[in-house]
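Asker: Attaching a single structure in structure tokens format; questions to follow.
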Amino acid sequence: MIINFSNYSASQRYHLMTQTIIPRPIAWVLTNSTNGNNNQENLNLAPFSYFTAISSDPALLMLSVGKKPNGDIKDTLVNVLKNKKMVIHIAGEHLADVVTQTAASLAHGDSELATISDEVLKTVPFDGFTLPRLAQCDIAYACELFEIKEIGEVPQTLIFVEIKQLYVSPKVTTVNDGRVNIHADSVNPLARLGASEYSSITMPFKKARPA
């Protein structure tokens, strides 16, 4: 089957792309909805699967953000434009239900964390950074806004952020000769597929690159 994208709408292309670019990592993004403190009620949390690493010098991540169903700008974009900071988490498979719950569209300023028990999600200080991180995630990036670009007719907003600090849980790491090794099977990251489908990883395996 050959699918000519010129014959399809943007929505149809989206569904084809998200069902074929698989699996996709999920950026679980925490931002502050105010200029003030980091109380739970001020924090926004949302997942994005148009997300990738693009550079190591500078250390940049990129996420692509659309609009809310009503056409409003999503809170993550509003907040990072205002405060220039975010924390990107990599969630484990065991958090699939709550990651999906935080994808709901809320009014700006309404916090997803306010409706979730501390036993399920709790924030803790991210040492050396102004925003907290989620205690239940083994990986978290403390990021500052680097650049924003708008593309397309909708438009879609590309948010480029620079990693300032990386938190990795000791539970998923070992250190050998000063090198940190992160065990993907211990992280068991949640991945996005098409439609309402998610996935975890299978058993990792190694293949040596050609010389």
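For the structure tokens, the naming scheme is as follows: chains receive sequential letters (A, B, ...) according to their order of presentation, residues are indexed from 1 within each chain, and ligands are indexed from 1 in presentation order.
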Considering only C-alpha atoms, return as a list in words whatever protein or nucleic-acid residues lie within 9 Å of Tyr167 in chain A, sequence-local ones (same chain, fewer than 5 positions apart) excluded.

Answerer: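 Neighbouring residues, sequence-local ones excluded: Phe126, Arg133, Asp138, Ile139, Ala140, Tyr141 and Ala142 of chain A.
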
Asker: Would you save the residues of that selection, restricted to C-alpha atoms, as an mmCIF file, in the first residue's frame?

Answerer:
data_model
loop_
_atom_site.group_PDB
_atom_site.id
_atom_site.type_symbol
_atom_site.label_atom_id
_atom_site.label_comp_id
_atom_site.auth_asym_id
_atom_site.auth_seq_id
_atom_site.Cartn_x
_atom_site.Cartn_y
_atom_site.Cartn_z
ATOM 1 C CA PHE A 126 14.917 18.972 42.408
ATOM 2 C CA ARG A 133 10.274 16.699 40.195
ATOM 3 C CA ASP A 138 13.281 7.325 37.847
ATOM 4 C CA ILE A 139 14.409 9.888 35.254
ATOM 5 C CA ALA A 140 13.853 13.656 35.223
ATOM 6 C CA TYR A 141 15.451 16.503 33.254
ATOM 7 C CA ALA A 142 15.633 20.022 34.666
#

Asker: With a distance cut-off of 12 Å and only C-alpha atoms, select the neighbouring residues of Lys74 in chain A, excluding the residue or stretch itself and same-chain residues fewer than 3 positions from it, and output the selection as a PyMOL selection string.

Answerer: chain A and resi 29+31+33+44-48+64-71+77-81+103-109+156-157

Asker: So which bits of chain A end up alpha helix (DSSP H) when you DSSP the backbone, as number ranges by chain?

Answerer: A: 10-20, 75-83, 96-101, 184-187

Asker: Check the DSSP output for the backbone and give back, as a VMD selection string, the residues of chain A in strand (DSSP E or B).

Answerer: chain A and resid 24 to 25 27 to 32 43 to 48 51 to 56 59 to 65 67 73 85 to 90 92 123 to 124 133 to 134 139 to 151 156 to 168 173 to 176 179 to 182 189 191 to 192 198 to 199

Asker: Which of these residues is nearest to Ile54 in chain A, using only C-alpha atoms: A:Leu121, A:Ile2, A:Ile163, A:Ala114?

Answerer: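 Looking at the shortest contact to Ile54 in chain A, the residue is A:Ile163.
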
Asker: Which residue gives the smallest distance to Lys82 in chain A among A:Thr173, A:Thr18, A:Thr34, A:Gln12, with only C-alpha atoms counted?

Answerer: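 Using only C-alpha atoms, Lys82 in chain A sits closest to A:Thr34.
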
Asker: Write out as a PyMOL selection string the residues lying within 6 Å of range 185-202 of chain A, counting only C-alpha atoms and excluding same-chain residues fewer than 6 positions away.

Answerer: chain A and resi 18-19+22-25+91-93+172

Asker: Got time to write the residues from that selection, all heavy atoms, as a CSV table (one decimal), in the first residue's frame?

Answerer:
chain,number,residue,atom,x,y,z
A,18,THR,N,1.2,8.7,13.7
A,18,THR,CA,1.3,8.2,15.1
A,18,THR,C,1.2,6.7,15.2
A,18,THR,O,1.6,6.1,16.2
A,18,THR,CB,0.3,8.8,16.0
A,18,THR,OG1,-1.0,8.7,15.5
A,18,THR,CG2,0.6,10.3,16.2
A,19,GLN,N,0.6,6.1,14.1
A,19,GLN,CA,0.5,4.6,14.1
A,19,GLN,C,1.7,3.9,13.5
A,19,GLN,O,1.9,2.7,13.5
A,19,GLN,CB,-0.7,4.2,13.4
A,19,GLN,CG,-2.0,4.5,14.1
A,19,GLN,CD,-3.3,4.1,13.4
A,19,GLN,OE1,-3.8,3.0,13.6
A,19,GLN,NE2,-3.7,4.9,12.5
A,22,ILE,N,6.7,4.4,15.7
A,22,ILE,CA,6.4,3.7,16.9
A,22,ILE,C,7.7,2.9,17.3
A,22,ILE,O,8.4,2.4,16.4
A,22,ILE,CB,5.2,2.8,16.8
A,22,ILE,CG1,5.3,1.8,15.6
A,22,ILE,CG2,3.9,3.6,16.8
A,22,ILE,CD1,4.2,0.8,15.5
A,23,PRO,N,7.9,2.7,18.6
A,23,PRO,CA,7.3,3.4,19.7
A,23,PRO,C,7.9,4.8,19.8
A,23,PRO,O,9.0,5.1,19.4
A,23,PRO,CB,7.7,2.6,20.9
A,23,PRO,CG,9.0,2.0,20.5
A,23,PRO,CD,9.0,1.8,19.0
A,24,ARG,N,7.1,5.7,20.5
A,24,ARG,CA,7.6,7.1,20.7
A,24,ARG,C,7.8,7.3,22.2
A,24,ARG,O,6.9,6.9,23.0
A,24,ARG,CB,6.7,8.1,20.2
A,24,ARG,CG,6.5,8.0,18.7
A,24,ARG,CD,5.6,9.2,18.1
A,24,ARG,NE,4.4,9.4,18.8
A,24,ARG,CZ,3.3,8.6,18.6
A,24,ARG,NH1,3.3,7.6,17.8
A,24,ARG,NH2,2.2,8.8,19.3
A,25,PRO,N,8.9,7.9,22.6
A,25,PRO,CA,9.1,8.2,24.1
A,25,PRO,C,8.1,9.3,24.5
A,25,PRO,O,7.6,10.1,23.6
A,25,PRO,CB,10.5,8.7,24.2
A,25,PRO,CG,10.8,9.3,22.8
A,25,PRO,CD,10.1,8.4,21.9
A,91,ALA,N,8.3,8.4,32.4
A,91,ALA,CA,7.5,7.6,33.2
A,91,ALA,C,7.7,6.1,33.0
A,91,ALA,O,7.9,5.7,31.8
A,91,ALA,CB,6.0,8.0,33.1
A,92,GLY,N,7.6,5.3,34.0
A,92,GLY,CA,7.6,3.9,33.9
A,92,GLY,C,6.2,3.4,33.5
A,92,GLY,O,5.2,4.1,33.6
A,93,GLU,N,6.2,2.1,33.0
A,93,GLU,CA,4.9,1.5,32.6
A,93,GLU,C,3.9,1.5,33.7
A,93,GLU,O,2.7,1.7,33.4
A,93,GLU,CB,5.2,0.1,32.1
A,93,GLU,CG,3.9,-0.6,31.6
A,93,GLU,CD,4.1,-2.1,31.5
A,93,GLU,OE1,5.1,-2.6,32.0
A,93,GLU,OE2,3.2,-2.8,30.9
A,172,VAL,N,18.1,2.4,39.3
A,172,VAL,CA,18.2,2.0,37.9
A,172,VAL,C,19.6,2.2,37.3
A,172,VAL,O,19.8,2.2,36.1
A,172,VAL,CB,17.1,2.7,37.0
A,172,VAL,CG1,15.7,2.4,37.5
A,172,VAL,CG2,17.4,4.2,36.9

Asker: Nearest residue to Phe129 in chain A out of A:Leu158, A:Val168, A:Met1, A:Val87, using only C-alpha atoms?

Answerer: A:Val87

Asker: List the neighbours of range 56-59 of chain A out to 10 Å using only C-alpha atoms; skip same-chain residues closer than 3 positions along the sequence, and give me the result as a ChimeraX atom specification.

Answerer: /A:53,143,146,161-164

Asker: Residues of the last selection are to be written out with N, CA and C atoms, as a compact mmCIF listing (two decimals), in the first residue's frame.

Answerer:
# COMPACT_ATOMS: atom_id res chain seq x y z
N ALA A 53 15.36 13.83 21.63
CA ALA A 53 16.63 14.53 21.86
C ALA A 53 17.18 14.95 20.51
N CYS A 143 15.08 21.54 32.86
CA CYS A 143 15.31 22.20 31.57
C CYS A 143 14.95 23.68 31.60
N PHE A 146 15.17 27.19 25.48
CA PHE A 146 16.25 27.55 24.57
C PHE A 146 15.71 28.34 23.37
N VAL A 161 14.33 22.93 24.57
CA VAL A 161 14.77 23.23 25.93
C VAL A 161 16.17 22.65 26.14
N GLU A 162 16.94 23.33 26.97
CA GLU A 162 18.30 22.88 27.27
C GLU A 162 18.31 22.18 28.62
N ILE A 163 18.91 21.01 28.65
CA ILE A 163 19.02 20.25 29.89
C ILE A 163 20.08 20.90 30.78
N LYS A 164 19.67 21.28 31.98
CA LYS A 164 20.61 21.84 32.95
C LYS A 164 21.05 20.80 33.97

Asker: Find the residue from A:Met62, A:Ile159, A:Ala135, A:Ala96 that sits nearest to Lys84 in chain A; use only C-alpha atoms when measuring.

Answerer: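 Answer, going by the shortest atom-to-atom distance: A:Ile159.
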